[in-house]
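Structure file query_25.txt with compact mmCIF, N, CA, C and O atoms:
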# COMPACT_ATOMS: atom_id res chain seq x y z
N MET A 1 -102.75 112.30 -9.57
CA MET A 1 -103.56 111.67 -8.55
C MET A 1 -102.72 111.48 -7.30
O MET A 1 -101.59 111.01 -7.36
N GLU A 2 -103.25 111.80 -6.13
CA GLU A 2 -102.54 111.67 -4.88
C GLU A 2 -102.54 110.22 -4.41
O GLU A 2 -103.55 109.53 -4.48
N ALA A 3 -101.41 109.74 -3.94
CA ALA A 3 -101.29 108.36 -3.46
C ALA A 3 -101.98 108.22 -2.11
O ALA A 3 -101.92 109.11 -1.27
N SER A 4 -102.61 107.09 -1.91
CA SER A 4 -103.28 106.80 -0.66
C SER A 4 -102.27 106.30 0.36
O SER A 4 -101.34 105.58 0.02
N CYS A 5 -102.46 106.65 1.61
CA CYS A 5 -101.56 106.17 2.65
C CYS A 5 -102.09 104.90 3.30
O CYS A 5 -101.38 104.25 4.05
N CYS A 6 -103.31 104.53 3.03
CA CYS A 6 -103.89 103.34 3.62
C CYS A 6 -104.21 102.32 2.54
O CYS A 6 -104.46 102.66 1.40
N THR A 7 -104.19 101.06 2.95
CA THR A 7 -104.52 99.98 2.03
C THR A 7 -105.27 98.91 2.77
O THR A 7 -105.27 98.88 4.00
N ASP A 8 -105.93 98.03 2.05
CA ASP A 8 -106.71 96.96 2.64
C ASP A 8 -106.16 95.62 2.20
O ASP A 8 -106.53 95.10 1.15
N PRO A 9 -105.23 95.02 2.98
CA PRO A 9 -104.73 93.71 2.61
C PRO A 9 -105.81 92.64 2.78
O PRO A 9 -106.58 92.67 3.72
N ASN A 10 -105.87 91.72 1.83
CA ASN A 10 -106.83 90.64 1.87
C ASN A 10 -106.14 89.33 1.57
O ASN A 10 -105.22 89.28 0.76
N LEU A 11 -106.58 88.26 2.21
CA LEU A 11 -106.07 86.94 1.96
C LEU A 11 -106.89 86.36 0.81
O LEU A 11 -108.09 86.19 0.93
N HIS A 12 -106.23 86.09 -0.33
CA HIS A 12 -106.92 85.59 -1.52
C HIS A 12 -107.65 84.30 -1.20
O HIS A 12 -107.17 83.46 -0.47
N LYS A 13 -108.83 84.14 -1.74
CA LYS A 13 -109.71 82.98 -1.54
C LYS A 13 -110.19 82.89 -0.09
O LYS A 13 -110.48 81.82 0.40
N GLY A 14 -110.21 84.00 0.57
CA GLY A 14 -110.69 84.02 1.94
C GLY A 14 -111.48 85.28 2.20
O GLY A 14 -111.48 86.21 1.41
N SER A 15 -112.17 85.29 3.31
CA SER A 15 -112.97 86.46 3.62
C SER A 15 -112.30 87.33 4.67
O SER A 15 -112.95 88.07 5.36
N VAL A 16 -110.97 87.22 4.77
CA VAL A 16 -110.24 87.97 5.77
C VAL A 16 -109.65 89.22 5.15
O VAL A 16 -109.02 89.16 4.10
N GLY A 17 -109.85 90.34 5.78
CA GLY A 17 -109.28 91.60 5.30
C GLY A 17 -108.99 92.52 6.46
O GLY A 17 -109.64 92.44 7.49
N ARG A 18 -108.00 93.36 6.29
CA ARG A 18 -107.64 94.34 7.31
C ARG A 18 -107.30 95.65 6.62
O ARG A 18 -106.95 95.67 5.45
N SER A 19 -107.34 96.71 7.36
CA SER A 19 -106.94 98.01 6.82
C SER A 19 -105.70 98.46 7.57
O SER A 19 -105.65 98.38 8.80
N ILE A 20 -104.66 98.88 6.82
CA ILE A 20 -103.42 99.33 7.46
C ILE A 20 -102.96 100.64 6.84
O ILE A 20 -103.25 100.93 5.69
N ASP A 21 -102.24 101.41 7.63
CA ASP A 21 -101.64 102.66 7.17
C ASP A 21 -100.19 102.37 6.81
O ASP A 21 -99.36 102.15 7.69
N VAL A 22 -99.87 102.35 5.52
CA VAL A 22 -98.53 101.98 5.08
C VAL A 22 -97.48 103.02 5.46
O VAL A 22 -96.29 102.72 5.43
N THR A 23 -97.89 104.21 5.85
CA THR A 23 -96.91 105.23 6.25
C THR A 23 -96.28 104.93 7.61
O THR A 23 -95.31 105.57 7.98
N THR A 24 -96.81 103.96 8.33
CA THR A 24 -96.24 103.60 9.64
C THR A 24 -95.04 102.68 9.51
O THR A 24 -94.38 102.38 10.50
N PHE A 25 -94.74 102.23 8.29
CA PHE A 25 -93.62 101.32 8.05
C PHE A 25 -92.48 102.07 7.37
O PHE A 25 -92.69 102.96 6.57
N LYS A 26 -91.25 101.67 7.69
CA LYS A 26 -90.06 102.31 7.12
C LYS A 26 -89.66 101.72 5.78
O LYS A 26 -88.97 102.36 5.01
N ASN A 27 -90.05 100.45 5.53
CA ASN A 27 -89.62 99.76 4.32
C ASN A 27 -90.53 98.55 4.05
O ASN A 27 -91.43 98.25 4.83
N TYR A 28 -90.27 97.89 2.92
CA TYR A 28 -91.08 96.73 2.55
C TYR A 28 -90.94 95.59 3.55
O TYR A 28 -91.88 94.86 3.81
N GLU A 29 -89.74 95.42 4.11
CA GLU A 29 -89.51 94.33 5.06
C GLU A 29 -90.45 94.45 6.26
O GLU A 29 -91.04 93.46 6.69
N GLU A 30 -90.59 95.65 6.80
CA GLU A 30 -91.50 95.86 7.92
C GLU A 30 -92.95 95.60 7.52
O GLU A 30 -93.71 95.00 8.28
N LEU A 31 -93.33 96.05 6.33
CA LEU A 31 -94.68 95.84 5.84
C LEU A 31 -94.98 94.35 5.68
O LEU A 31 -96.02 93.85 6.12
N VAL A 32 -94.05 93.62 5.06
CA VAL A 32 -94.23 92.18 4.84
C VAL A 32 -94.36 91.46 6.18
O VAL A 32 -95.24 90.61 6.36
N CYS A 33 -93.52 91.81 7.13
CA CYS A 33 -93.57 91.18 8.46
C CYS A 33 -94.93 91.42 9.12
O CYS A 33 -95.52 90.50 9.68
N ALA A 34 -95.42 92.64 9.04
CA ALA A 34 -96.72 92.97 9.64
C ALA A 34 -97.85 92.18 8.97
O ALA A 34 -98.75 91.68 9.65
N ILE A 35 -97.81 92.05 7.65
CA ILE A 35 -98.86 91.32 6.94
C ILE A 35 -98.78 89.83 7.24
O ILE A 35 -99.80 89.16 7.41
N GLU A 36 -97.55 89.29 7.35
CA GLU A 36 -97.41 87.88 7.73
C GLU A 36 -98.03 87.63 9.09
O GLU A 36 -98.76 86.65 9.26
N CYS A 37 -97.77 88.50 10.05
CA CYS A 37 -98.35 88.35 11.39
C CYS A 37 -99.86 88.51 11.36
O CYS A 37 -100.59 87.77 12.02
N MET A 38 -100.33 89.47 10.59
CA MET A 38 -101.75 89.77 10.49
C MET A 38 -102.57 88.56 10.01
O MET A 38 -103.67 88.31 10.48
N PHE A 39 -102.00 87.78 9.08
CA PHE A 39 -102.71 86.66 8.50
C PHE A 39 -102.17 85.30 8.93
O PHE A 39 -102.55 84.27 8.37
N GLY A 40 -101.26 85.27 9.90
CA GLY A 40 -100.73 84.00 10.38
C GLY A 40 -99.87 83.29 9.35
O GLY A 40 -99.86 82.07 9.28
N LEU A 41 -99.12 84.05 8.56
CA LEU A 41 -98.27 83.48 7.50
C LEU A 41 -96.79 83.63 7.85
O LEU A 41 -95.96 83.75 6.97
N ASP A 42 -96.45 83.60 9.12
CA ASP A 42 -95.10 83.87 9.57
C ASP A 42 -94.04 83.17 8.73
O ASP A 42 -93.98 81.95 8.66
N GLY A 43 -93.21 83.99 8.05
CA GLY A 43 -92.11 83.49 7.25
C GLY A 43 -92.47 83.01 5.86
O GLY A 43 -91.59 82.75 5.05
N LEU A 44 -93.74 82.90 5.52
CA LEU A 44 -94.14 82.33 4.23
C LEU A 44 -94.02 83.31 3.07
O LEU A 44 -93.85 82.89 1.92
N LEU A 45 -94.10 84.61 3.33
CA LEU A 45 -94.02 85.57 2.24
C LEU A 45 -92.58 85.81 1.77
O LEU A 45 -92.36 86.29 0.68
N ASN A 46 -91.62 85.45 2.61
CA ASN A 46 -90.20 85.57 2.24
C ASN A 46 -89.55 84.19 2.14
O ASN A 46 -88.33 84.07 2.22
N ASP A 47 -90.34 83.16 1.96
CA ASP A 47 -89.85 81.78 1.90
C ASP A 47 -89.08 81.54 0.61
O ASP A 47 -89.65 81.54 -0.48
N THR A 48 -87.78 81.33 0.72
CA THR A 48 -86.95 81.09 -0.47
C THR A 48 -87.14 79.69 -1.04
O THR A 48 -86.72 79.41 -2.15
N LYS A 49 -87.79 78.80 -0.28
CA LYS A 49 -88.04 77.43 -0.75
C LYS A 49 -89.30 77.34 -1.60
O LYS A 49 -89.63 76.28 -2.09
N GLY A 50 -90.00 78.44 -1.74
CA GLY A 50 -91.16 78.48 -2.63
C GLY A 50 -92.46 78.03 -2.00
O GLY A 50 -93.04 77.04 -2.39
N SER A 51 -92.95 78.79 -1.03
CA SER A 51 -94.22 78.47 -0.38
C SER A 51 -95.40 78.68 -1.32
O SER A 51 -96.47 78.17 -1.09
N GLY A 52 -95.19 79.47 -2.38
CA GLY A 52 -96.27 79.77 -3.32
C GLY A 52 -96.98 81.07 -3.02
O GLY A 52 -97.74 81.56 -3.85
N TRP A 53 -96.74 81.68 -1.87
CA TRP A 53 -97.37 82.94 -1.52
C TRP A 53 -96.62 84.08 -2.18
O TRP A 53 -95.40 84.12 -2.19
N LYS A 54 -97.35 85.04 -2.73
CA LYS A 54 -96.79 86.25 -3.32
C LYS A 54 -97.56 87.44 -2.77
O LYS A 54 -98.78 87.41 -2.68
N LEU A 55 -96.84 88.47 -2.42
CA LEU A 55 -97.46 89.69 -1.92
C LEU A 55 -97.55 90.67 -3.08
O LEU A 55 -96.53 91.07 -3.65
N VAL A 56 -98.76 91.01 -3.46
CA VAL A 56 -98.99 91.90 -4.59
C VAL A 56 -99.91 93.04 -4.17
O VAL A 56 -100.56 92.98 -3.13
N TYR A 57 -99.96 94.06 -5.02
CA TYR A 57 -100.91 95.15 -4.79
C TYR A 57 -101.47 95.61 -6.13
O TYR A 57 -100.91 95.35 -7.18
N VAL A 58 -102.60 96.27 -6.06
CA VAL A 58 -103.24 96.81 -7.25
C VAL A 58 -103.07 98.32 -7.20
O VAL A 58 -103.47 98.97 -6.23
N ASP A 59 -102.44 98.89 -8.25
CA ASP A 59 -102.20 100.32 -8.25
C ASP A 59 -103.42 101.09 -8.75
O ASP A 59 -104.46 100.51 -9.05
N TYR A 60 -103.28 102.39 -8.83
CA TYR A 60 -104.41 103.25 -9.21
C TYR A 60 -104.89 103.03 -10.64
O TYR A 60 -105.98 103.46 -11.00
N GLU A 61 -104.07 102.33 -11.48
CA GLU A 61 -104.47 102.00 -12.84
C GLU A 61 -105.01 100.57 -12.94
O GLU A 61 -105.20 100.04 -14.02
N SER A 62 -105.22 99.93 -11.79
CA SER A 62 -105.70 98.55 -11.68
C SER A 62 -104.71 97.51 -12.19
O SER A 62 -105.09 96.41 -12.54
N ASP A 63 -103.42 97.88 -12.21
CA ASP A 63 -102.37 96.92 -12.55
C ASP A 63 -101.97 96.17 -11.29
O ASP A 63 -101.83 96.77 -10.21
N VAL A 64 -101.76 94.86 -11.41
CA VAL A 64 -101.32 94.05 -10.27
C VAL A 64 -99.79 93.98 -10.33
O VAL A 64 -99.21 93.56 -11.33
N LEU A 65 -99.15 94.40 -9.22
CA LEU A 65 -97.69 94.46 -9.16
C LEU A 65 -97.18 93.73 -7.93
O LEU A 65 -97.86 93.69 -6.90
N LEU A 66 -95.99 93.16 -8.03
CA LEU A 66 -95.36 92.52 -6.87
C LEU A 66 -94.87 93.59 -5.91
O LEU A 66 -94.26 94.58 -6.31
N VAL A 67 -95.10 93.39 -4.63
CA VAL A 67 -94.59 94.31 -3.61
C VAL A 67 -93.08 94.22 -3.65
O VAL A 67 -92.50 93.14 -3.66
N GLY A 68 -92.42 95.36 -3.68
CA GLY A 68 -90.98 95.43 -3.74
C GLY A 68 -90.44 95.77 -5.12
O GLY A 68 -89.26 96.10 -5.26
N ASP A 69 -91.27 95.67 -6.14
CA ASP A 69 -90.82 96.01 -7.50
C ASP A 69 -90.55 97.50 -7.66
O ASP A 69 -89.72 97.90 -8.46
N ASP A 70 -91.28 98.32 -6.93
CA ASP A 70 -91.08 99.77 -6.96
C ASP A 70 -90.32 100.17 -5.70
O ASP A 70 -90.49 99.55 -4.64
N PRO A 71 -89.51 101.22 -5.78
CA PRO A 71 -88.80 101.70 -4.58
C PRO A 71 -89.80 102.11 -3.49
O PRO A 71 -90.89 102.60 -3.80
N TRP A 72 -89.43 101.89 -2.26
CA TRP A 72 -90.29 102.26 -1.13
C TRP A 72 -90.48 103.75 -1.15
O TRP A 72 -91.49 104.32 -1.01

Is it possible to express this structure as C-alpha cells?
Amino acid sequence: MEASCCTDPNLHKGSVGRSIDVTTFKNYEELVCAIECMFGLDGLLNDTKGSGWKLVYVDYESDVLLVGDDPW
C-alpha cells in the first residue's frame, strides 16, 4: 500500500481539523511545531512538565501510534 503524503490533524474533543502535506516538513520537530501553531498549543506538545497533550496518528492498519516512534 502506498503511503499518503497528506494527513488531517484534529484536536481531540473538538470540531477543529486541518489538512497538511507532511512532505513539506524535514523532520518531526518541524511537524510538531506547525501543529502546535495550527491549534494554538505553542510549546504544549513538547512540554517536559507533562501538559497531558500527546501527538498521535492512526496508520493504515488503524493502529494508534505516538508521533516520533517511527523514523521520519

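CA of Ile20 (chain A) is found 9.2 Å from CA of Ile35 (chain A).
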
Report the distance between atom O of Leu55 (chain A) and atom O of Val32 (chain A) in Å, rounded to one decimal place. 10.1 Å

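Computed from the coordinates, the atom N of Gly40 (chain A) to CA of Arg18 (chain A) distance equals 11.4 Å.
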
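The smallest atom-to-atom distance between Val67 (chain A) and any of A:Cys33, A:Phe39, A:Lys54, A:Asp21, using only N, CA, C and O atoms, is found for A:Lys54.
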
All residues 10 Å or closer to Trp53 (chain A), only C-alpha atoms, same chain fewer than 5 positions away omitted, as a PDB file with N, CA, C and O atoms, in the coordinates of the input:
ATOM      1  N   HIS A  12    -106.230  86.090  -0.330  1.00  0.00           N
ATOM      2  CA  HIS A  12    -106.920  85.590  -1.520  1.00  0.00           C
ATOM      3  C   HIS A  12    -107.650  84.300  -1.200  1.00  0.00           C
ATOM      4  O   HIS A  12    -107.170  83.460  -0.470  1.00  0.00           O
ATOM      5  N   LEU A  41     -99.120  84.050   8.560  1.00  0.00           N
ATOM      6  CA  LEU A  41     -98.270  83.480   7.500  1.00  0.00           C
ATOM      7  C   LEU A  41     -96.790  83.630   7.850  1.00  0.00           C
ATOM      8  O   LEU A  41     -95.960  83.750   6.970  1.00  0.00           O
ATOM      9  N   LEU A  44     -93.740  82.900   5.520  1.00  0.00           N
ATOM     10  CA  LEU A  44     -94.140  82.330   4.230  1.00  0.00           C
ATOM     11  C   LEU A  44     -94.020  83.310   3.070  1.00  0.00           C
ATOM     12  O   LEU A  44     -93.850  82.890   1.920  1.00  0.00           O
ATOM     13  N   LEU A  45     -94.100  84.610   3.330  1.00  0.00           N
ATOM     14  CA  LEU A  45     -94.020  85.570   2.240  1.00  0.00           C
ATOM     15  C   LEU A  45     -92.580  85.810   1.770  1.00  0.00           C
ATOM     16  O   LEU A  45     -92.360  86.290   0.680  1.00  0.00           O
ATOM     17  N   ASN A  46     -91.620  85.450   2.610  1.00  0.00           N
ATOM     18  CA  ASN A  46     -90.200  85.570   2.240  1.00  0.00           C
ATOM     19  C   ASN A  46     -89.550  84.190   2.140  1.00  0.00           C
ATOM     20  O   ASN A  46     -88.330  84.070   2.220  1.00  0.00           O
ATOM     21  N   ASP A  47     -90.340  83.160   1.960  1.00  0.00           N
ATOM     22  CA  ASP A  47     -89.850  81.780   1.900  1.00  0.00           C
ATOM     23  C   ASP A  47     -89.080  81.540   0.610  1.00  0.00           C
ATOM     24  O   ASP A  47     -89.650  81.540  -0.480  1.00  0.00           O
TER      25      ASP A  47
END

Give the padded box for region 52-71 of chain A as JSON: axis-aligned, covering all atoms listed in the file, 6 Å on each side, centre and edge lengths in Å to one decimal.
{"center_x": -97.4, "center_y": 91.5, "center_z": -7.8, "size_x": 29.2, "size_y": 36.0, "size_z": 24.5}

Find the spatial neighbours of Val58 (chain A), counting only C-alpha atoms, within a cut-off of 10 Å - ignore same-chain residues fewer than 6 positions away - and output them as a VMD selection string. chain A and resid 7 64 to 67
